[in-house]
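Notes to accompany the following structure.
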Amino acid sequence: MGADSKARIREFVLDNIPETELADDDDIFERGLVRSMFVMQLVVFVEQEFGVQITGDDLRFDHFRSVDRVDELVARKLASV
Amino acid sequence: MLHGLTTDQRDNLLAFARFTDEHLLPHANTWDHQERLDDSIIAELAAAHRLVPTLPVEAGGTGMDAVTYGLLSEELGRGCGSVRNLVAVQGMVAHAILRWGSKTLADRWAPAIGTGSVIGSFALTEPEVGSDARNGTTTARRVLDGYEITGRKKWISFAQRAGVFLVFARLDDDPAAFIVERDSPGLSVSPINGLLGLRASELGEVHLDSVVVPESNLLSHGRLTFDLVATSSLDYGRYSTAYGSVGLAQGCLDASLEYARNRVQFDVPLAEHQLVQQALTEMVTSVEAARLLCRQAGQMRASSHRDAIRQTLIAKYFASRAGFEVAASAVQIHGANGVSADYPVQRYLRDAKIQEIIEGTSQIQQVQIADLTLART
Ligand SMILES: Cc1cc2nc3c(=O)[nH]c(=O)nc-3n(C[C@H](O)[C@H](O)[C@H](O)COP(=O)(O)OP(=O)(O)OC[C@H]3O[C@@H](n4cnc5c(N)ncnc54)[C@H](O)[C@@H]3O)c2cc1C
């Protein structure tokens, strides 16, 4: 997708981790920044913000690793509706 | 409390309250005593599309919104904690399958559970692993005709009655979730009796001894099985438990008000003794505060608000603790009658303790709420 969607995703992630900076390709899980509830929060956010539905086909941890990956997932979902 | 509800929500609430007064309250002590729900109440819930009302219509639900589902959970909790638990668990299992499963699994199981033709159980906890549920030891391995699962699941609500289990296990050292049918060879259930509370929840220990399921029964595999599939189910259950605790506390308050008005000691009704008034004030304040937190969580859930999960945790934490305190006060106000099987408050007190243990103990929630709050910037 684009700069705008990435910015929205980045802002959400930053709002929910104890850090103030994050590169779009940073692995937010590898850096140990997030807790067990975070993926669920991220999914609620993505669904609401972009009007897509995350389903069983999307159940791959890799899709949620970084701002870039989430953005790719959203773009794929939007393209398939 | 009708303030802030739409006309539809008010009408629904009144209908839910009537159902509780007519179909749950007259029987809840009996079910508690016999440690089993009557089949007829499950059939009545199914007929009213209230087993999993949040499912879409084609899956046996009514597409009920989160706010209304909260109102239903409150009323079920006021009537019978185990009925409320049944409805919560059916929702957890049916939604997990509908949302995360293949179309075949969803078509096969979501409507079956939604219409009550099959009861589902959510099998996560094990004898040695509760709060640390991520680290269960039940194991699956690939075999010729699917997966073979071995392990034990304990404290599983409605395992005695269930026709299908959502079983969490490890596969290739990653979490996985499977649909396991009751009649699978190698699966057996031993009833757990004599519990303190939620005695009619028909708990069981599920033994899986090399149970083979077809490949297509794998619902999910990988880290998100825990971080998304299990956690979303628990979040759904927690919302029900939060509101159910409000209902339980309301039931205690109603019973205590009536008792305090009628029971005379020292020539006046209990209600005229100021220390009893103090207890009633603490109770009514707790009920109202807990309900407001649930309402807030419900509204956030209905709009998929980004803070809905944390608010649900807060509501469950507060309401379950408030429920226990209110129930203890209710028993105290009732004196000896409070501990007698002829009154509901002893059951409420026993059930209230359970609400502080299921879907995350109060201590685990203290950690989770602080974590999520500290992470916010
Ligand atoms: C009536 C009933 C119905 C249930 N239904 C189901 C069901 O349908 N499906 C299912 O899978 N499970 C079910 N459970 C199990 C329930 O989810 C677990 O009991 C719960 O998660 C707690 O686990 P535990 O009992 O093993 O306690 P433990 O995890 O052993 O905890 C014991 C105590 O230690 C505390 N503790 C543990 N870890 C920490 C920590 N890190 N920090 C501080 N304190 C800690 C806990 O708060 C608790 O007070 C049910 C339980 C009951 C009682």
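In the structure tokens, each chain is lettered A, B, ... as it comes, each chain's residues begin at 1, and ligands are numbered from 1 in order of appearance.
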Q: With a distance threshold of 8 Å and counting only C-alpha atoms, extract the residues of chain A near chain B and express them as a list of chain:residue names.
A: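 For chain A, the answer reads A:Leu14, A:Asp15, A:Asn16, A:Ile17, A:Pro18, A:Arg35, A:Ser36, A:Met37, A:Phe38, A:Val39, A:Met40, A:Gln41, A:Val44, A:Phe45, A:Gln48, A:Thr55, A:Gly56, A:Asp57, A:Leu59, A:Arg60, A:Phe61.
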Q.
Show me, as an MDAnalysis selection string, the residues that have an atom within 7 Å of range 25-30 of chain A when counting only C-alpha atoms, minus same-chain residues fewer than 4 positions from it.
A. chainID A and resid 34 65:68
Where does chain B meet ligand 1 within 8 Å, residue by residue, with the nearest atom pair and distance in Å to one decimal for each, counting only C-alpha atoms and all ligand atoms, listed by chain and rising number, as CSV?
```
residue,atom,partner,partner_atom_place_in_ligand_line,distance
B:Val89,CA,ligand 1,8 (O),6.6
B:Ser121,CA,ligand 1,8 (O),6.1
B:Phe122,CA,ligand 1,9 (N),4.8
B:Ala123,CA,ligand 1,11 (O),4.3
B:Leu124,CA,ligand 1,11 (O),3.5
B:Thr125,CA,ligand 1,11 (O),3.8
B:Glu126,CA,ligand 1,26 (O),7.2
B:Pro127,CA,ligand 1,26 (O),6.9
B:Glu128,CA,ligand 1,26 (O),6.6
B:Val129,CA,ligand 1,26 (O),5.3
B:Gly130,CA,ligand 1,26 (O),3.2
B:Ser131,CA,ligand 1,29 (O),3.6
B:Asp132,CA,ligand 1,29 (O),6.1
B:Ala133,CA,ligand 1,21 (O),7.3
B:Lys153,CA,ligand 1,11 (O),7.2
B:Lys154,CA,ligand 1,12 (N),6.8
B:Trp155,CA,ligand 1,50 (C),4.6
B:Ile156,CA,ligand 1,7 (C),3.9
B:Ser157,CA,ligand 1,8 (O),3.7
B:Phe158,CA,ligand 1,8 (O),7.0
B:Ala159,CA,ligand 1,8 (O),7.8
B:Leu195,CA,ligand 1,1 (C),7.4
B:Gly197,CA,ligand 1,1 (C),6.5
B:Leu198,CA,ligand 1,1 (C),5.3
B:Arg199,CA,ligand 1,1 (C),7.2
B:Ser201,CA,ligand 1,1 (C),6.8
B:Leu203,CA,ligand 1,3 (C),6.6
B:Ile354,CA,ligand 1,53 (C),5.6
B:Ile357,CA,ligand 1,20 (C),5.4
B:Ile358,CA,ligand 1,17 (O),4.4
B:Glu359,CA,ligand 1,17 (O),5.2
B:Gly360,CA,ligand 1,21 (O),5.1
B:Thr361,CA,ligand 1,47 (O),4.7
B:Ser362,CA,ligand 1,47 (O),6.0
B:Gln363,CA,ligand 1,47 (O),4.3
B:Ile364,CA,ligand 1,47 (O),5.6
B:Val367,CA,ligand 1,42 (N),7.1
```
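The interatomic distance for the pair CA of Ile119 in chain B and CA of Gly163 in chain B works out to 5.5 Å.
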Need to verify the contact set: Arg263 in chain B, 12 Å, only C-alpha atoms, exclusion of same-chain residues closer than 3 positions in sequence. Can you return it as an mmCIF file with N, CA, C and O atoms, in the first residue's frame?
```
data_model
loop_
_atom_site.group_PDB
_atom_site.id
_atom_site.type_symbol
_atom_site.label_atom_id
_atom_site.label_comp_id
_atom_site.auth_asym_id
_atom_site.auth_seq_id
_atom_site.Cartn_x
_atom_site.Cartn_y
_atom_site.Cartn_z
ATOM 1 N N ALA B 255 -31.701 -9.934 46.232
ATOM 2 C CA ALA B 255 -32.073 -10.831 47.333
ATOM 3 C C ALA B 255 -31.864 -10.142 48.682
ATOM 4 O O ALA B 255 -32.683 -10.286 49.598
ATOM 5 N N SER B 256 -30.797 -9.372 48.791
ATOM 6 C CA SER B 256 -30.482 -8.728 50.074
ATOM 7 C C SER B 256 -31.457 -7.600 50.386
ATOM 8 O O SER B 256 -31.837 -7.390 51.546
ATOM 9 N N LEU B 257 -31.851 -6.851 49.371
ATOM 10 C CA LEU B 257 -32.816 -5.771 49.589
ATOM 11 C C LEU B 257 -34.134 -6.355 50.093
ATOM 12 O O LEU B 257 -34.732 -5.862 51.057
ATOM 13 N N GLU B 258 -34.552 -7.410 49.434
ATOM 14 C CA GLU B 258 -35.820 -8.014 49.826
ATOM 15 C C GLU B 258 -35.729 -8.568 51.253
ATOM 16 O O GLU B 258 -36.622 -8.357 52.082
ATOM 17 N N TYR B 259 -34.628 -9.233 51.521
ATOM 18 C CA TYR B 259 -34.459 -9.837 52.844
ATOM 19 C C TYR B 259 -34.400 -8.751 53.928
ATOM 20 O O TYR B 259 -35.034 -8.870 54.979
ATOM 21 N N ALA B 260 -33.653 -7.685 53.627
ATOM 22 C CA ALA B 260 -33.481 -6.612 54.625
ATOM 23 C C ALA B 260 -34.800 -5.872 54.890
ATOM 24 O O ALA B 260 -35.030 -5.357 55.981
ATOM 25 N N PHE B 266 -34.739 -6.889 66.506
ATOM 26 C CA PHE B 266 -34.841 -5.741 67.428
ATOM 27 C C PHE B 266 -36.032 -4.860 67.046
ATOM 28 O O PHE B 266 -35.944 -3.637 67.023
ATOM 29 N N ASP B 267 -37.127 -5.532 66.640
ATOM 30 C CA ASP B 267 -38.413 -4.875 66.366
ATOM 31 C C ASP B 267 -38.465 -4.018 65.103
ATOM 32 O O ASP B 267 -39.473 -3.356 64.848
ATOM 33 N N VAL B 268 -37.408 -3.967 64.348
ATOM 34 C CA VAL B 268 -37.470 -3.206 63.084
ATOM 35 C C VAL B 268 -36.870 -4.054 61.958
ATOM 36 O O VAL B 268 -36.054 -4.943 62.220
ATOM 37 N N PRO B 269 -37.248 -3.773 60.692
ATOM 38 C CA PRO B 269 -36.621 -4.501 59.577
ATOM 39 C C PRO B 269 -35.098 -4.275 59.587
ATOM 40 O O PRO B 269 -34.631 -3.195 59.980
ATOM 41 N N LEU B 270 -34.377 -5.275 59.130
ATOM 42 C CA LEU B 270 -32.912 -5.137 59.030
ATOM 43 C C LEU B 270 -32.535 -3.855 58.298
ATOM 44 O O LEU B 270 -31.533 -3.212 58.610
ATOM 45 N N ALA B 271 -33.340 -3.504 57.305
ATOM 46 C CA ALA B 271 -33.037 -2.334 56.473
ATOM 47 C C ALA B 271 -32.960 -1.042 57.275
ATOM 48 O O ALA B 271 -32.395 -0.049 56.805
ATOM 49 N N GLU B 272 -33.491 -1.043 58.474
ATOM 50 C CA GLU B 272 -33.425 0.190 59.281
ATOM 51 C C GLU B 272 -32.177 0.252 60.157
ATOM 52 O O GLU B 272 -31.935 1.260 60.816
ATOM 53 N N HIS B 273 -31.431 -0.820 60.205
ATOM 54 C CA HIS B 273 -30.170 -0.775 60.962
ATOM 55 C C HIS B 273 -29.095 -0.151 60.075
ATOM 56 O O HIS B 273 -28.883 -0.586 58.941
ATOM 57 N N VAL B 276 -26.482 -2.274 58.337
ATOM 58 C CA VAL B 276 -27.001 -3.018 57.177
ATOM 59 C C VAL B 276 -27.106 -2.059 55.983
ATOM 60 O O VAL B 276 -26.778 -2.417 54.849
ATOM 61 N N ILE B 333 -25.764 -10.587 55.246
ATOM 62 C CA ILE B 333 -27.062 -9.953 55.519
ATOM 63 C C ILE B 333 -28.138 -11.010 55.759
ATOM 64 O O ILE B 333 -29.052 -10.802 56.550
ATOM 65 N N HIS B 334 -28.011 -12.139 55.097
ATOM 66 C CA HIS B 334 -28.999 -13.212 55.257
ATOM 67 C C HIS B 334 -28.768 -14.057 56.505
ATOM 68 O O HIS B 334 -29.575 -14.954 56.794
ATOM 69 N N GLY B 335 -27.674 -13.834 57.216
ATOM 70 C CA GLY B 335 -27.415 -14.646 58.408
ATOM 71 C C GLY B 335 -27.406 -16.132 58.065
ATOM 72 O O GLY B 335 -26.890 -16.532 57.021
ATOM 73 N N ASN B 337 -29.761 -18.043 57.114
ATOM 74 C CA ASN B 337 -30.440 -18.327 55.846
ATOM 75 C C ASN B 337 -29.494 -18.146 54.661
ATOM 76 O O ASN B 337 -29.681 -18.751 53.609
#
```
Q.
Can you tell me which residues surround range 4-19 of chain B at a distance of at most 12 Å, considering only C-alpha atoms, apart from same-chain residues fewer than 6 positions away, and format the answer as a PyMOL selection string?
A. chain B and resi 25-26+41+44-45+48+50+64-80+247+250-251+292+295-296+298-299
Q.
What's the separation between CA of Asn29 in chain B and CA of Ser340 in chain B, in Å to one decimal place?
A. 10.7 Å
**Q.** A:Asp4, A:Phe12, A:Asp24, A:Val70 ranked by distance to Ile54 in chain A, top pick (using only C-alpha atoms)
**A.**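 Looking at the shortest contact to Ile54 in chain A, the residue is A:Val70.
Going from CA of Glu282 in chain B to CA of Tyr348 in chain B covers 17.1 Å.
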Q: Name the residues of chain A that fall into helix (DSSP H, G or I) according to DSSP on the backbone, using the chain letters and numbers of this document, as a PyMOL selection string.
A: chain A and resi 3-15+38-50+56-58+61-64+67-80
I need the residues from that last selection saved to file as a CSV table (one decimal), in the first residue's frame (with N, CA and C atoms), if you can.
```csv
chain,number,residue,atom,x,y,z
A,3,ALA,N,2.4,5.2,1.7
A,3,ALA,CA,3.0,5.9,2.9
A,3,ALA,C,1.9,6.2,3.9
A,4,ASP,N,0.7,6.5,3.5
A,4,ASP,CA,-0.3,6.8,4.4
A,4,ASP,C,-0.7,5.6,5.3
A,5,SER,N,-0.9,4.4,4.7
A,5,SER,CA,-1.3,3.3,5.4
A,5,SER,C,-0.2,2.9,6.4
A,6,LYS,N,1.0,2.9,5.9
A,6,LYS,CA,2.1,2.6,6.7
A,6,LYS,C,2.2,3.5,7.9
A,7,ALA,N,2.0,4.8,7.7
A,7,ALA,CA,2.0,5.7,8.8
A,7,ALA,C,1.0,5.4,9.9
A,8,ARG,N,-0.2,5.0,9.4
A,8,ARG,CA,-1.3,4.7,10.4
A,8,ARG,C,-0.9,3.4,11.2
A,9,ILE,N,-0.3,2.4,10.5
A,9,ILE,CA,0.1,1.2,11.2
A,9,ILE,C,1.2,1.5,12.2
A,10,ARG,N,2.2,2.3,11.7
A,10,ARG,CA,3.3,2.6,12.6
A,10,ARG,C,2.8,3.4,13.8
A,11,GLU,N,1.9,4.3,13.6
A,11,GLU,CA,1.4,5.1,14.7
A,11,GLU,C,0.7,4.2,15.8
A,12,PHE,N,-0.1,3.2,15.2
A,12,PHE,CA,-0.7,2.3,16.2
A,12,PHE,C,0.3,1.5,17.0
A,13,VAL,N,1.3,0.9,16.2
A,13,VAL,CA,2.3,0.1,16.9
A,13,VAL,C,3.0,0.9,18.0
A,14,LEU,N,3.4,2.1,17.6
A,14,LEU,CA,4.1,3.0,18.5
A,14,LEU,C,3.3,3.3,19.7
A,15,ASP,N,2.0,3.5,19.5
A,15,ASP,CA,1.1,3.8,20.6
A,15,ASP,C,1.0,2.7,21.6
A,38,PHE,N,-0.7,-8.5,22.0
A,38,PHE,CA,-0.5,-7.4,21.0
A,38,PHE,C,-1.0,-7.8,19.6
A,39,VAL,N,-0.8,-9.1,19.2
A,39,VAL,CA,-1.3,-9.5,17.9
A,39,VAL,C,-2.8,-9.3,17.8
A,40,MET,N,-3.5,-9.7,18.9
A,40,MET,CA,-4.9,-9.5,18.9
A,40,MET,C,-5.3,-8.1,18.8
A,41,GLN,N,-4.6,-7.2,19.5
A,41,GLN,CA,-4.9,-5.8,19.4
A,41,GLN,C,-4.7,-5.3,18.0
A,42,LEU,N,-3.6,-5.7,17.4
A,42,LEU,CA,-3.2,-5.3,16.0
A,42,LEU,C,-4.3,-5.8,15.0
A,43,VAL,N,-4.8,-7.0,15.2
A,43,VAL,CA,-5.8,-7.5,14.3
A,43,VAL,C,-7.1,-6.6,14.4
A,44,VAL,N,-7.5,-6.3,15.7
A,44,VAL,CA,-8.7,-5.5,15.9
A,44,VAL,C,-8.5,-4.1,15.2
A,45,PHE,N,-7.3,-3.6,15.3
A,45,PHE,CA,-7.0,-2.3,14.7
A,45,PHE,C,-7.0,-2.4,13.2
A,46,VAL,N,-6.3,-3.4,12.6
A,46,VAL,CA,-6.3,-3.5,11.2
A,46,VAL,C,-7.7,-3.6,10.6
A,47,GLU,N,-8.5,-4.5,11.2
A,47,GLU,CA,-9.8,-4.7,10.7
A,47,GLU,C,-10.7,-3.4,10.7
A,48,GLN,N,-10.5,-2.7,11.8
A,48,GLN,CA,-11.4,-1.5,11.9
A,48,GLN,C,-10.9,-0.4,11.0
A,49,GLU,N,-9.6,-0.2,11.0
A,49,GLU,CA,-8.9,0.9,10.3
A,49,GLU,C,-9.1,0.7,8.8
A,50,PHE,N,-8.9,-0.5,8.3
A,50,PHE,CA,-8.9,-0.7,6.8
A,50,PHE,C,-10.1,-1.5,6.3
A,56,GLY,N,-8.6,-17.3,8.8
A,56,GLY,CA,-7.7,-18.4,9.0
A,56,GLY,C,-6.6,-18.5,8.0
A,57,ASP,N,-6.9,-18.0,6.8
A,57,ASP,CA,-5.8,-18.0,5.7
A,57,ASP,C,-4.7,-17.1,6.1
A,58,ASP,N,-4.9,-16.1,7.0
A,58,ASP,CA,-3.9,-15.1,7.3
A,58,ASP,C,-3.1,-15.5,8.5
A,61,PHE,N,2.3,-15.9,11.4
A,61,PHE,CA,3.0,-14.9,12.3
A,61,PHE,C,3.8,-13.9,11.5
A,62,ASP,N,4.4,-14.3,10.4
A,62,ASP,CA,5.2,-13.5,9.6
A,62,ASP,C,4.4,-12.2,9.1
A,63,HIS,N,3.1,-12.4,8.9
A,63,HIS,CA,2.3,-11.3,8.4
A,63,HIS,C,2.3,-10.1,9.4
A,64,PHE,N,2.6,-10.4,10.6
A,64,PHE,CA,2.4,-9.4,11.7
A,64,PHE,C,3.8,-8.9,12.3
A,67,VAL,N,5.9,-3.3,10.4
A,67,VAL,CA,5.0,-2.4,9.8
A,67,VAL,C,4.9,-2.7,8.3
A,68,ASP,N,6.0,-3.0,7.7
A,68,ASP,CA,6.0,-3.4,6.2
A,68,ASP,C,5.1,-4.6,6.0
A,69,ARG,N,5.3,-5.6,6.8
A,69,ARG,CA,4.5,-6.9,6.6
A,69,ARG,C,3.0,-6.7,6.8
A,70,VAL,N,2.7,-5.9,7.8
A,70,VAL,CA,1.2,-5.7,8.1
A,70,VAL,C,0.7,-4.9,6.9
A,71,ASP,N,1.4,-4.0,6.4
A,71,ASP,CA,1.0,-3.2,5.3
A,71,ASP,C,0.7,-4.0,4.0
A,72,GLU,N,1.7,-5.0,3.8
A,72,GLU,CA,1.5,-5.9,2.7
A,72,GLU,C,0.2,-6.7,2.8
A,73,LEU,N,0.0,-7.2,4.1
A,73,LEU,CA,-1.2,-8.0,4.3
A,73,LEU,C,-2.4,-7.2,4.0
A,74,VAL,N,-2.5,-6.0,4.5
A,74,VAL,CA,-3.6,-5.1,4.3
A,74,VAL,C,-3.9,-4.9,2.8
A,75,ALA,N,-2.8,-4.7,2.1
A,75,ALA,CA,-2.9,-4.4,0.6
A,75,ALA,C,-3.4,-5.7,-0.1
A,76,ARG,N,-2.9,-6.8,0.3
A,76,ARG,CA,-3.4,-8.1,-0.3
A,76,ARG,C,-4.9,-8.3,0.0
A,77,LYS,N,-5.3,-8.0,1.3
A,77,LYS,CA,-6.7,-8.2,1.6
A,77,LYS,C,-7.6,-7.2,0.9
A,78,LEU,N,-7.1,-6.0,0.7
A,78,LEU,CA,-8.0,-5.0,0.0
A,78,LEU,C,-8.1,-5.3,-1.4
A,79,ALA,N,-7.0,-5.9,-2.0
A,79,ALA,CA,-7.0,-6.3,-3.4
A,79,ALA,C,-8.0,-7.4,-3.7
A,80,SER,N,-8.2,-8.2,-2.7
A,80,SER,CA,-9.0,-9.5,-2.9
A,80,SER,C,-10.5,-9.2,-2.6
```
Q) Quick one: residues within 12 Å of Thr285 in chain B, only C-alpha atoms counted, chain neighbours fewer than 2 positions away excluded, as a PyMOL selection string? A) chain B and resi 246+249-250+253+278-283+287-292+319+322-323+325-326
(Q) So, with only C-alpha atoms as the atoms that count, which of B:Arg142, B:His33, B:Arg108, B:Arg170 lies closest to Glu215 in chain B? (A)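 Ranking B:Arg142, B:His33, B:Arg108, B:Arg170 by distance to Glu215 in chain B, first place goes to B:Arg142.
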